[in-house]
file input31.cif (mmCIF, C-alpha atoms)
data_run
#
loop_
_atom_site.label_atom_id
_atom_site.label_comp_id
_atom_site.auth_asym_id
_atom_site.auth_seq_id
_atom_site.Cartn_x
_atom_site.Cartn_y
_atom_site.Cartn_z
CA MET A 129 43.99 -8.04 27.88
CA ARG A 130 40.67 -8.18 25.99
CA THR A 131 39.28 -4.77 25.01
CA ALA A 132 35.84 -4.04 23.56
CA LEU A 133 34.27 -0.98 21.99
CA PHE A 134 30.83 0.01 23.26
CA VAL A 135 29.95 2.39 20.46
CA THR A 136 26.53 3.47 21.88
CA CYS A 137 23.27 3.31 19.94
CA LEU A 138 23.33 7.00 18.97
CA ASN A 139 26.80 6.72 17.46
CA ASP A 140 25.97 3.45 15.76
CA ALA A 141 22.81 4.84 14.15
CA LEU A 142 23.79 8.45 13.40
CA HIS A 143 27.56 8.86 13.81
CA PRO A 144 29.29 5.63 12.74
CA GLN A 145 32.38 7.65 11.84
CA THR A 146 32.97 8.17 15.57
CA GLY A 147 33.16 4.42 16.12
CA ARG A 148 35.51 3.99 13.17
CA ALA A 149 37.74 6.80 14.47
CA THR A 150 37.86 5.20 17.91
CA VAL A 151 38.98 1.86 16.49
CA SER A 152 41.55 3.56 14.24
CA LEU A 153 43.01 5.55 17.13
CA LEU A 154 43.16 2.61 19.53
CA ARG A 155 44.82 0.39 16.96
CA ARG A 156 47.38 3.11 16.27
CA LEU A 157 48.15 3.10 19.99
CA GLY A 158 48.62 -0.66 20.00
CA VAL A 159 45.24 -1.68 21.42
CA SER A 160 43.47 -4.60 19.76
CA VAL A 161 39.77 -3.85 20.09
CA ASP A 162 36.69 -6.02 19.48
CA PHE A 163 33.20 -4.90 18.50
CA PRO A 164 30.59 -7.25 19.97
CA PRO A 165 27.69 -7.08 17.45
CA ARG A 166 24.99 -7.90 20.06
CA GLN A 167 25.52 -4.62 21.93
CA SER A 168 22.52 -2.32 22.31
CA CYS A 169 21.33 0.77 24.18
CA CYS A 170 22.87 1.60 27.57
CA GLY A 171 19.45 2.55 28.95
CA GLN A 172 20.16 6.20 29.70
CA MET A 173 16.83 7.51 28.41
CA HIS A 174 14.95 4.85 30.35
CA TYR A 175 16.82 5.57 33.57
CA ASN A 176 16.55 9.36 33.34
CA THR A 177 12.82 9.09 32.72
CA GLY A 178 12.34 6.94 35.82
CA TYR A 179 12.06 3.46 34.31
CA ARG A 180 14.46 1.66 36.66
CA LYS A 181 13.29 -1.90 36.00
CA GLU A 182 13.45 -1.40 32.26
CA THR A 183 16.97 -0.05 32.71
CA ALA A 184 17.82 -3.23 34.62
CA LYS A 185 16.95 -5.32 31.55
CA LEU A 186 19.40 -3.32 29.46
CA ALA A 187 21.99 -3.55 32.22
CA ARG A 188 21.64 -7.34 32.14
CA HIS A 189 22.11 -7.30 28.37
CA PHE A 190 25.19 -5.10 28.75
CA VAL A 191 26.71 -7.53 31.26
CA ASP A 192 25.93 -10.51 29.03
CA VAL A 193 27.58 -8.86 26.01
CA PHE A 194 30.63 -7.30 27.68
CA GLY A 195 31.15 -9.42 30.79
CA ALA A 196 34.06 -11.40 29.38
CA TYR A 197 36.12 -8.31 28.52
CA ASP A 198 38.83 -6.76 30.66
CA GLU A 199 38.26 -3.24 29.29
CA ILE A 200 35.20 -1.62 27.69
CA VAL A 201 35.92 1.70 25.96
CA VAL A 202 33.08 4.14 25.26
CA PRO A 203 33.32 7.29 23.07
CA SER A 204 30.66 9.03 25.16
CA ALA A 205 30.81 10.49 28.66
CA SER A 206 27.05 10.19 28.95
CA CYS A 207 26.70 6.52 28.04
CA GLY A 208 30.12 5.62 29.41
CA GLY A 209 29.16 6.82 32.85
CA LEU A 210 25.88 4.95 33.13
CA PRO A 211 27.18 1.52 34.25
CA SER A 212 28.85 3.05 37.31
CA GLU A 213 26.19 5.69 37.97
CA ALA A 214 22.91 3.87 37.38
CA TYR A 215 23.13 0.12 36.89
CA GLU A 216 23.51 -0.62 40.58
CA ARG A 217 20.38 1.35 41.47
CA ALA A 218 18.49 -0.21 38.57
CA ALA A 219 19.47 -3.68 39.75
CA GLN A 220 18.35 -2.87 43.28
CA ALA A 221 15.01 -1.58 41.96
CA SER A 222 14.47 -4.85 40.09
CA GLY A 223 15.36 -6.96 43.15
CA ASP A 224 17.88 -8.96 41.13
CA ALA A 225 20.77 -9.84 43.47
CA GLY A 226 22.68 -11.60 40.69
CA LEU A 227 22.51 -8.56 38.44
CA LEU A 228 23.59 -6.33 41.32
CA ARG A 229 26.68 -8.48 41.81
CA ASP A 230 27.46 -8.48 38.07
CA VAL A 231 27.08 -4.73 37.53
CA ARG A 232 29.30 -4.00 40.51
CA ALA A 233 31.93 -6.24 38.94
CA ILE A 234 31.79 -4.76 35.45
CA ALA A 235 31.48 -1.04 36.26
CA PRO A 236 35.22 -0.49 37.02
CA ARG A 237 36.08 -1.96 33.61
CA VAL A 238 34.02 0.59 31.65
CA HIS A 239 36.08 3.60 30.53
CA GLU A 240 35.05 6.78 28.77
CA LEU A 241 37.51 7.23 25.89
CA THR A 242 39.51 10.27 27.08
CA ARG A 243 39.88 8.79 30.57
CA TYR A 244 41.02 5.53 28.99
CA LEU A 245 43.67 7.33 26.93
CA THR A 246 45.07 9.45 29.76
CA ASP A 247 44.57 7.21 32.80
CA VAL A 248 44.79 3.65 31.45
CA LEU A 249 47.13 4.02 28.47
CA GLY A 250 48.94 6.99 30.02
CA VAL A 251 49.14 9.07 26.84
CA GLU A 252 48.22 12.64 25.96
CA ASP A 253 50.03 13.12 22.66
CA VAL A 254 48.41 10.46 20.49
CA GLY A 255 50.20 11.52 17.31
CA ALA A 256 47.30 13.54 15.94
CA HIS A 257 47.52 16.37 13.41
CA PHE A 258 44.63 18.81 12.97
CA PRO A 259 45.46 22.24 11.50
CA HIS A 260 42.18 23.99 12.28
CA ARG A 261 40.80 26.44 14.85
CA VAL A 262 38.91 24.38 17.44
CA THR A 263 36.89 25.12 20.54
CA TYR A 264 35.64 22.55 23.03
CA HIS A 265 32.30 22.17 24.81
CA PRO A 266 32.54 20.21 28.09
CA THR A 267 29.21 18.41 28.11
CA CYS A 268 27.24 18.40 31.34
CA HIS A 269 27.77 14.70 31.90
CA SER A 270 31.51 14.87 31.31
CA LEU A 271 31.78 17.91 33.56
CA ARG A 272 29.42 17.10 36.42
CA ALA A 273 28.92 13.34 36.49
CA THR A 274 31.79 11.52 34.83
CA GLY A 275 34.28 14.10 36.10
CA LEU A 276 36.63 14.18 33.12
CA GLY A 277 38.19 17.43 34.27
CA ASP A 278 40.96 18.67 32.00
CA ARG A 279 41.62 15.33 30.26
CA PRO A 280 39.98 16.33 26.94
CA TYR A 281 41.80 19.68 27.03
CA ARG A 282 45.18 18.00 27.55
CA LEU A 283 44.55 15.72 24.62
CA LEU A 284 43.47 18.59 22.38
CA ARG A 285 46.38 20.84 23.30
CA ALA A 286 48.81 18.05 22.40
CA VAL A 287 47.46 17.84 18.83
CA ASP A 288 49.96 19.01 16.24
CA GLY A 289 48.90 22.07 14.24
CA ILE A 290 45.76 22.82 16.20
CA ASP A 291 44.66 26.38 16.99
CA PHE A 292 42.75 25.78 20.20
CA VAL A 293 40.56 28.53 21.69
CA GLU A 294 38.68 28.47 24.97
CA LEU A 295 34.88 28.57 24.88
CA PRO A 296 33.29 31.43 26.87
CA ALA A 297 30.91 30.28 29.62
CA GLU A 298 32.02 26.75 28.87
CA GLU A 299 30.37 25.26 31.95
CA GLU A 300 26.89 26.30 30.83
CA CYS A 301 24.69 23.45 29.57
CA CYS A 302 23.76 23.33 25.88
CA GLY A 303 20.14 22.50 26.74
CA PHE A 304 20.02 18.97 25.37
CA GLY A 305 19.84 16.80 28.47
CA GLY A 306 18.30 13.84 26.63
CA THR A 307 14.55 13.93 27.19
CA PHE A 308 14.85 17.39 28.80
CA SER A 309 15.01 18.98 25.34
CA VAL A 310 11.78 17.22 24.40
CA LYS A 311 9.86 18.00 27.58
CA ASN A 312 11.13 21.56 27.97
CA GLY A 313 11.61 22.74 24.40
CA ALA A 314 11.46 26.49 25.02
CA VAL A 315 13.98 26.44 27.88
CA SER A 316 16.22 24.05 25.99
CA GLY A 317 16.12 26.26 22.90
CA ALA A 318 17.11 29.35 24.87
CA MET A 319 20.04 27.54 26.48
CA ASN A 320 21.14 26.19 23.12
CA GLY A 321 20.98 29.67 21.62
CA ASP A 322 23.33 30.99 24.29
CA LYS A 323 25.75 28.12 23.73
CA ALA A 324 25.76 28.61 19.95
CA ARG A 325 26.43 32.33 20.44
CA HIS A 326 29.45 31.57 22.63
CA VAL A 327 30.78 29.14 20.02
CA ARG A 328 30.56 31.86 17.37
CA GLU A 329 32.42 34.29 19.65
CA THR A 330 35.52 32.06 19.56
CA GLY A 331 35.90 32.31 15.79
CA ALA A 332 36.42 28.55 15.74
CA HIS A 333 35.56 26.54 12.66
CA VAL A 334 35.30 23.25 14.55
CA LEU A 335 33.36 22.52 17.75
CA ALA A 336 34.56 19.45 19.64
CA ALA A 337 32.96 17.49 22.48
CA VAL A 338 32.92 13.94 23.84
CA ASP A 339 29.17 13.44 23.32
CA ASN A 340 27.62 13.48 19.86
CA SER A 341 24.18 14.13 21.36
CA CYS A 342 25.28 17.59 22.51
CA LEU A 343 27.12 18.21 19.26
CA MET A 344 23.91 17.42 17.37
CA ASN A 345 22.02 19.89 19.51
CA ILE A 346 24.49 22.77 19.19
CA GLY A 347 25.32 21.97 15.58
CA GLY A 348 21.66 22.04 14.64
CA ARG A 349 21.28 25.51 16.10
CA LEU A 350 24.42 26.76 14.37
CA THR A 351 23.20 25.42 11.04
CA LYS A 352 19.73 26.87 11.56
CA ASP A 353 21.29 30.28 12.23
CA GLY A 354 23.49 30.00 9.13
CA HIS A 355 26.89 29.57 10.79
CA ALA A 356 29.40 27.16 9.26
CA VAL A 357 30.93 25.61 12.36
CA ARG A 358 31.69 21.90 12.04
CA PRO A 359 30.66 19.75 15.05
CA LEU A 360 33.19 16.95 15.47
CA HIS A 361 33.60 14.32 18.16
CA LEU A 362 36.94 14.69 19.91
CA VAL A 363 38.09 11.24 18.81
CA GLU A 364 37.64 12.21 15.17
CA ILE A 365 40.25 14.92 15.74
CA LEU A 366 42.58 12.60 17.65
CA ALA A 367 42.35 9.91 14.98
CA ARG A 368 43.64 12.19 12.20
CA THR A 369 47.35 12.29 11.35
CA ARG A 370 49.51 14.44 9.12
CA ALA A 371 48.98 11.90 6.34
CA ASP A 372 45.26 12.73 6.36
CA GLY A 373 45.90 16.42 5.76
CA PRO A 374 43.38 19.14 6.69
CA LEU A 375 39.63 18.75 6.41
CA ALA A 376 38.52 19.64 2.90
CA ASP A 377 35.71 22.00 3.88
CA VAL A 378 37.25 23.78 6.90
CA PRO A 379 39.66 26.78 6.87
CA VAL A 380 43.25 25.89 7.74
CA ALA A 381 45.01 27.57 10.67
CA ARG A 382 48.71 28.26 10.26
CA ASN A 383 50.69 29.86 13.08
CA GLY A 384 47.55 31.40 14.52
CA ALA A 385 46.39 32.82 11.16
CA LEU A 386 43.53 31.35 9.21
CA ARG A 387 43.51 30.86 5.47
#
call {"tool": "encode", "arguments": {"input": "input31.cif", "output": "structure tokens"}}
result
Amino acid sequence: MRTALFVTCLNDALHPQTGRATVSLLRRLGVSVDFPPRQSCCGQMHYNTGYRKETAKLARHFVDVFGAYDEIVVPSASCGGLPSEAYERAAQASGDAGLLRDVRAIAPRVHELTRYLTDVLGVEDVGAHFPHRVTYHPTCHSLRATGLGDRPYRLLRAVDGIDFVELPAEEECCGFGGTFSVKNGAVSGAMNGDKARHVRETGAHVLAAVDNSCLMNIGGRLTKDGHAVRPLHLVEILARTRADGPLADVPVARNGALR
């Protein structure tokens, strides 16, 4: 079984630690994972802005890079969902019958990370240790498009030492939405303000999610407002073990009490 990591362009450029954590976790679980260096953007921004033919070019590149792999694991619900949600329509818009055939073949092999862990590997307790108070934001794409359901919650609740608290109004969007936050700045800012307020209400010191784009958005607002909540991709929690100890700059939770 040949497995590849599609790290996504945002993670590669701004959050390389997420890619490293993904590889570390998968190897700990016995998965040998490759990183094809020719990988590029999934085309989400192009597709969401209406550029279907341009998306088709990136879909072709994706197929060329990952076509030989049996499994493609993606630490992003947003980018991980695009091959099954958009590539077929992009191929149809370009009139490329060969691409249409290829994207239909590869889509079932692309797995968002938490779905891969729970559904493909069949694990929930991945041997993680994280003694901090954590809340979780279910990003819009993971909630409404990719349909991750309670998979991230099951993985988090199985983490040793964690003090997990539910996020109020968790289903509300953070206001990022890719180009939405650029085109509708005022609305996006108001939504983000509400989300940041709910995060603060939990008393959590770490905010987890499966999309770094949303974590950047919420984390930026929390920092701007002077609140020390650490945004952290879910896999960076799952990759930590007891040998790593607690995070150096985050309060430790012991038996429900923080210190």
call {"tool": "resolve_selection", "arguments": {"input": "input31.cif", "expression": "the PyMOL selection byres ((chain A and resi 237-245) around 7)", "output": "list of chain:residue names"}}
result
A:Asp198, A:Glu199, A:Ile200, A:Val201, A:Val202, A:Pro203, A:Ser204, A:Ala205, A:Gly208, A:Ile234, A:Ala235, A:Pro236, A:Thr246, A:Asp247, A:Val248, A:Leu249, A:Gly250, A:Val251, A:Leu276, A:Arg279, A:Pro280
call {"tool": "closest_residue", "arguments": {"input": "input31.cif", "among": "A:Thr177, A:Gly277, A:Ala141, A:His257", "to": "A:Lys311", "atoms": "only C-alpha atoms"}}
result
A:Thr177
call {"tool": "resolve_selection", "arguments": {"input": "input31.cif", "expression": "the PyMOL selection byres ((chain A and resi 329) around 12)", "output": "number ranges by chain"}}
result
A: 263, 293-298, 322-328, 330-333, 335, 355, 357
call {"tool": "resolve_selection", "arguments": {"input": "input31.cif", "expression": "the PyMOL selection byres ((chain A and resi 188) around 10)", "output": "number ranges by chain"}}
result
A: 183-187, 189-193, 195, 215, 219, 224, 226-228, 230-231
call {"tool": "closest_residue", "arguments": {"input": "input31.cif", "among": "A:Ile365, A:Leu142, A:Val338, A:Met173", "to": "A:Cys268", "atoms": "all atoms listed in the file"}}
result
A:Val338
call {"tool": "closest_residue", "arguments": {"input": "input31.cif", "among": "A:Pro165, A:Pro259, A:Gly348, A:Gly178", "to": "A:Ile290", "atoms": "only C-alpha atoms"}}
result
A:Pro259
call {"tool": "residues_around", "arguments": {"input": "input31.cif", "residues": "A:Ala286", "least_positions_apart": "3", "cutoff": "7 Å", "atoms": "all atoms listed in the file", "output": "short mmCIF file (atom, residue, chain, number, x, y, z; two decimals) with C-alpha atoms, keeping the file's coordinate frame"}}
result
data_model
loop_
_atom_site.label_atom_id
_atom_site.label_comp_id
_atom_site.auth_asym_id
_atom_site.auth_seq_id
_atom_site.Cartn_x
_atom_site.Cartn_y
_atom_site.Cartn_z
CA GLU A 252 48.22 12.64 25.96
CA ASP A 253 50.03 13.12 22.66
CA ARG A 282 45.18 18.00 27.55
CA LEU A 283 44.55 15.72 24.62
#
call {"tool": "axis_aligned_box", "arguments": {"input": "input31.cif", "around": "stretch 352-362 of chain A", "padding_each_side": "6 Å", "output": "AutoDock Vina command-line options"}}
result
--center_x 28.3 --center_y 22.3 --center_z 14.5 --size_x 29.2 --size_y 28.0 --size_z 22.8
call {"tool": "closest_residue", "arguments": {"input": "input31.cif", "among": "A:Gln145, A:Thr307, A:Ser152, A:Ser270", "to": "A:His174", "atoms": "only C-alpha atoms"}}
result
A:Thr307
call {"tool": "residues_around", "arguments": {"input": "input31.cif", "residues": "A:Ser316", "least_positions_apart": "6", "cutoff": "9 Å", "atoms": "only C-alpha atoms", "output": "CSV table (one decimal) with C-alpha atoms, keeping the file's coordinate frame"}}
result
chain,number,residue,atom,x,y,z
A,302,CYS,CA,23.8,23.3,25.9
A,303,GLY,CA,20.1,22.5,26.7
A,304,PHE,CA,20.0,19.0,25.4
A,305,GLY,CA,19.8,16.8,28.5
A,308,PHE,CA,14.8,17.4,28.8
A,309,SER,CA,15.0,19.0,25.3
A,310,VAL,CA,11.8,17.2,24.4
call {"tool": "residues_near_point", "arguments": {"input": "input31.cif", "point": "(24.5, 18.7, 23.8)", "cutoff": "9 Å", "atoms": "all atoms listed in the file", "output": "number ranges by chain"}}
result
A: 265, 267-268, 301-306, 320, 337, 339-347
call {"tool": "atom_distance", "arguments": {"input": "input31.cif", "atom1": "atom CA of A:Gly255", "atom2": "atom CA of A:Tyr281"}}
result
15.2 Å
call {"tool": "closest_residue", "arguments": {"input": "input31.cif", "among": "A:Leu153, A:Leu366, A:Leu133, A:Leu210", "to": "A:Gly171", "atoms": "all atoms listed in the file"}}
result
A:Leu210
call {"tool": "atom_distance", "arguments": {"input": "input31.cif", "atom1": "atom CA of A:Ala214", "atom2": "atom CA of A:Pro144"}}
result
25.5 Å
call {"tool": "atom_distance", "arguments": {"input": "input31.cif", "atom1": "atom CA of A:Asp140", "atom2": "atom CA of A:Cys169"}}
result
10.0 Å
call {"tool": "closest_residue", "arguments": {"input": "input31.cif", "among": "A:Thr136, A:Arg217, A:Leu362, A:Arg272", "to": "A:Arg285", "atoms": "only C-alpha atoms"}}
result
A:Leu362
call {"tool": "decode", "arguments": {"input": "input31.cif", "residues": "stretch 187-200 of chain A", "atoms": "all heavy atoms", "output": "PDB file, in the first residue's frame"}}
result
ATOM      1  N   ALA A 187      -6.209  20.329 -11.076  1.00  0.00           N
ATOM      2  CA  ALA A 187      -6.681  18.958 -10.893  1.00  0.00           C
ATOM      3  C   ALA A 187      -5.828  17.990 -11.703  1.00  0.00           C
ATOM      4  O   ALA A 187      -5.466  16.911 -11.220  1.00  0.00           O
ATOM      5  CB  ALA A 187      -8.153  18.849 -11.310  1.00  0.00           C
ATOM      6  N   ARG A 188      -5.477  18.368 -12.922  1.00  0.00           N
ATOM      7  CA  ARG A 188      -4.607  17.537 -13.751  1.00  0.00           C
ATOM      8  C   ARG A 188      -3.244  17.363 -13.087  1.00  0.00           C
ATOM      9  O   ARG A 188      -2.681  16.257 -13.056  1.00  0.00           O
ATOM     10  CB  ARG A 188      -4.466  18.159 -15.147  1.00  0.00           C
ATOM     11  CG  ARG A 188      -3.349  17.568 -16.025  1.00  0.00           C
ATOM     12  CD  ARG A 188      -3.377  16.062 -16.097  1.00  0.00           C
ATOM     13  NE  ARG A 188      -4.594  15.555 -16.731  1.00  0.00           N
ATOM     14  CZ  ARG A 188      -4.971  14.276 -16.672  1.00  0.00           C
ATOM     15  NH1 ARG A 188      -4.253  13.408 -15.977  1.00  0.00           N
ATOM     16  NH2 ARG A 188      -6.075  13.887 -17.258  1.00  0.00           N
ATOM     17  N   HIS A 189      -2.716  18.443 -12.529  1.00  0.00           N
ATOM     18  CA  HIS A 189      -1.426  18.354 -11.843  1.00  0.00           C
ATOM     19  C   HIS A 189      -1.530  17.433 -10.625  1.00  0.00           C
ATOM     20  O   HIS A 189      -0.622  16.624 -10.375  1.00  0.00           O
ATOM     21  CB  HIS A 189      -0.962  19.748 -11.410  1.00  0.00           C
ATOM     22  CG  HIS A 189       0.389  19.755 -10.782  1.00  0.00           C
ATOM     23  ND1 HIS A 189       1.545  19.567 -11.503  1.00  0.00           N
ATOM     24  CD2 HIS A 189       0.770  19.914  -9.480  1.00  0.00           C
ATOM     25  CE1 HIS A 189       2.583  19.612 -10.681  1.00  0.00           C
ATOM     26  NE2 HIS A 189       2.136  19.813  -9.454  1.00  0.00           N
ATOM     27  N   PHE A 190      -2.622  17.542  -9.898  1.00  0.00           N
ATOM     28  CA  PHE A 190      -2.831  16.686  -8.728  1.00  0.00           C
ATOM     29  C   PHE A 190      -2.838  15.213  -9.141  1.00  0.00           C
ATOM     30  O   PHE A 190      -2.191  14.369  -8.500  1.00  0.00           O
ATOM     31  CB  PHE A 190      -4.153  17.056  -8.057  1.00  0.00           C
ATOM     32  CG  PHE A 190      -4.439  16.310  -6.787  1.00  0.00           C
ATOM     33  CD1 PHE A 190      -4.037  16.830  -5.562  1.00  0.00           C
ATOM     34  CD2 PHE A 190      -5.118  15.097  -6.801  1.00  0.00           C
ATOM     35  CE1 PHE A 190      -4.294  16.149  -4.372  1.00  0.00           C
ATOM     36  CE2 PHE A 190      -5.378  14.410  -5.627  1.00  0.00           C
ATOM     37  CZ  PHE A 190      -4.959  14.934  -4.412  1.00  0.00           C
ATOM     38  N   VAL A 191      -3.546  14.904 -10.207  1.00  0.00           N
ATOM     39  CA  VAL A 191      -3.616  13.522 -10.691  1.00  0.00           C
ATOM     40  C   VAL A 191      -2.235  13.038 -11.131  1.00  0.00           C
ATOM     41  O   VAL A 191      -1.836  11.901 -10.841  1.00  0.00           O
ATOM     42  CB  VAL A 191      -4.625  13.405 -11.840  1.00  0.00           C
ATOM     43  CG1 VAL A 191      -4.504  12.047 -12.533  1.00  0.00           C
ATOM     44  CG2 VAL A 191      -6.046  13.612 -11.334  1.00  0.00           C
ATOM     45  N   ASP A 192      -1.495  13.897 -11.829  1.00  0.00           N
ATOM     46  CA  ASP A 192      -0.162  13.506 -12.293  1.00  0.00           C
ATOM     47  C   ASP A 192       0.779  13.216 -11.131  1.00  0.00           C
ATOM     48  O   ASP A 192       1.602  12.299 -11.188  1.00  0.00           O
ATOM     49  CB  ASP A 192       0.432  14.615 -13.170  1.00  0.00           C
ATOM     50  CG  ASP A 192      -0.276  14.745 -14.506  1.00  0.00           C
ATOM     51  OD1 ASP A 192      -1.022  13.813 -14.876  1.00  0.00           O
ATOM     52  OD2 ASP A 192      -0.096  15.789 -15.171  1.00  0.00           O
ATOM     53  N   VAL A 193       0.664  14.000 -10.051  1.00  0.00           N
ATOM     54  CA  VAL A 193       1.561  13.845  -8.900  1.00  0.00           C
ATOM     55  C   VAL A 193       1.161  12.659  -8.034  1.00  0.00           C
ATOM     56  O   VAL A 193       2.023  11.897  -7.571  1.00  0.00           O
ATOM     57  CB  VAL A 193       1.583  15.141  -8.061  1.00  0.00           C
ATOM     58  CG1 VAL A 193       2.328  14.922  -6.741  1.00  0.00           C
ATOM     59  CG2 VAL A 193       2.221  16.270  -8.844  1.00  0.00           C
ATOM     60  N   PHE A 194      -0.139  12.481  -7.798  1.00  0.00           N
ATOM     61  CA  PHE A 194      -0.600  11.496  -6.819  1.00  0.00           C
ATOM     62  C   PHE A 194      -1.247  10.256  -7.432  1.00  0.00           C
ATOM     63  O   PHE A 194      -1.644   9.352  -6.685  1.00  0.00           O
ATOM     64  CB  PHE A 194      -1.600  12.154  -5.867  1.00  0.00           C
ATOM     65  CG  PHE A 194      -0.996  13.174  -4.953  1.00  0.00           C
ATOM     66  CD1 PHE A 194      -1.131  14.530  -5.223  1.00  0.00           C
ATOM     67  CD2 PHE A 194      -0.289  12.795  -3.827  1.00  0.00           C
ATOM     68  CE1 PHE A 194      -0.579  15.487  -4.373  1.00  0.00           C
ATOM     69  CE2 PHE A 194       0.272  13.741  -2.975  1.00  0.00           C
ATOM     70  CZ  PHE A 194       0.128  15.083  -3.247  1.00  0.00           C
ATOM     71  N   GLY A 195      -1.346  10.186  -8.735  1.00  0.00           N
ATOM     72  CA  GLY A 195      -2.093   9.110  -9.371  1.00  0.00           C
ATOM     73  C   GLY A 195      -1.595   7.709  -9.084  1.00  0.00           C
ATOM     74  O   GLY A 195      -2.370   6.749  -9.120  1.00  0.00           O
ATOM     75  N   ALA A 196      -0.319   7.566  -8.784  1.00  0.00           N
ATOM     76  CA  ALA A 196       0.240   6.232  -8.554  1.00  0.00           C
ATOM     77  C   ALA A 196       0.053   5.742  -7.120  1.00  0.00           C
ATOM     78  O   ALA A 196       0.398   4.596  -6.803  1.00  0.00           O
ATOM     79  CB  ALA A 196       1.731   6.230  -8.899  1.00  0.00           C
ATOM     80  N   TYR A 197      -0.494   6.585  -6.251  1.00  0.00           N
ATOM     81  CA  TYR A 197      -0.617   6.213  -4.839  1.00  0.00           C
ATOM     82  C   TYR A 197      -1.971   5.571  -4.545  1.00  0.00           C
ATOM     83  O   TYR A 197      -2.983   5.916  -5.154  1.00  0.00           O
ATOM     84  CB  TYR A 197      -0.422   7.445  -3.951  1.00  0.00           C
ATOM     85  CG  TYR A 197       1.011   7.902  -3.910  1.00  0.00           C
ATOM     86  CD1 TYR A 197       1.474   8.876  -4.785  1.00  0.00           C
ATOM     87  CD2 TYR A 197       1.915   7.331  -3.011  1.00  0.00           C
ATOM     88  CE1 TYR A 197       2.807   9.293  -4.766  1.00  0.00           C
ATOM     89  CE2 TYR A 197       3.245   7.740  -2.975  1.00  0.00           C
ATOM     90  CZ  TYR A 197       3.686   8.712  -3.854  1.00  0.00           C
ATOM     91  OH  TYR A 197       4.992   9.111  -3.838  1.00  0.00           O
ATOM     92  N   ASP A 198      -1.949   4.670  -3.571  1.00  0.00           N
ATOM     93  CA  ASP A 198      -3.179   3.996  -3.147  1.00  0.00           C
ATOM     94  C   ASP A 198      -3.988   4.847  -2.178  1.00  0.00           C
ATOM     95  O   ASP A 198      -5.219   4.747  -2.129  1.00  0.00           O
ATOM     96  CB  ASP A 198      -2.837   2.663  -2.468  1.00  0.00           C
ATOM     97  CG  ASP A 198      -2.029   1.750  -3.363  1.00  0.00           C
ATOM     98  OD1 ASP A 198      -2.559   1.350  -4.411  1.00  0.00           O
ATOM     99  OD2 ASP A 198      -0.867   1.454  -3.027  1.00  0.00           O
ATOM    100  N   GLU A 199      -3.275   5.666  -1.371  1.00  0.00           N
ATOM    101  CA  GLU A 199      -3.912   6.515  -0.371  1.00  0.00           C
ATOM    102  C   GLU A 199      -3.240   7.883  -0.383  1.00  0.00           C
ATOM    103  O   GLU A 199      -2.002   7.973  -0.453  1.00  0.00           O
ATOM    104  CB  GLU A 199      -3.771   5.920   1.037  1.00  0.00           C
ATOM    105  CG  GLU A 199      -4.322   4.519   1.189  1.00  0.00           C
ATOM    106  CD  GLU A 199      -3.925   3.894   2.522  1.00  0.00           C
ATOM    107  OE1 GLU A 199      -2.854   4.264   3.065  1.00  0.00           O
ATOM    108  OE2 GLU A 199      -4.692   3.048   3.008  1.00  0.00           O
ATOM    109  N   ILE A 200      -4.032   8.939  -0.335  1.00  0.00           N
ATOM    110  CA  ILE A 200      -3.508  10.299  -0.232  1.00  0.00           C
ATOM    111  C   ILE A 200      -4.135  10.912   1.008  1.00  0.00           C
ATOM    112  O   ILE A 200      -5.365  11.046   1.101  1.00  0.00           O
ATOM    113  CB  ILE A 200      -3.838  11.152  -1.474  1.00  0.00           C
ATOM    114  CG1 ILE A 200      -3.298  10.486  -2.745  1.00  0.00           C
ATOM    115  CG2 ILE A 200      -3.270  12.553  -1.329  1.00  0.00           C
ATOM    116  CD1 ILE A 200      -4.344   9.803  -3.587  1.00  0.00           C
TER     117      ILE A 200
END
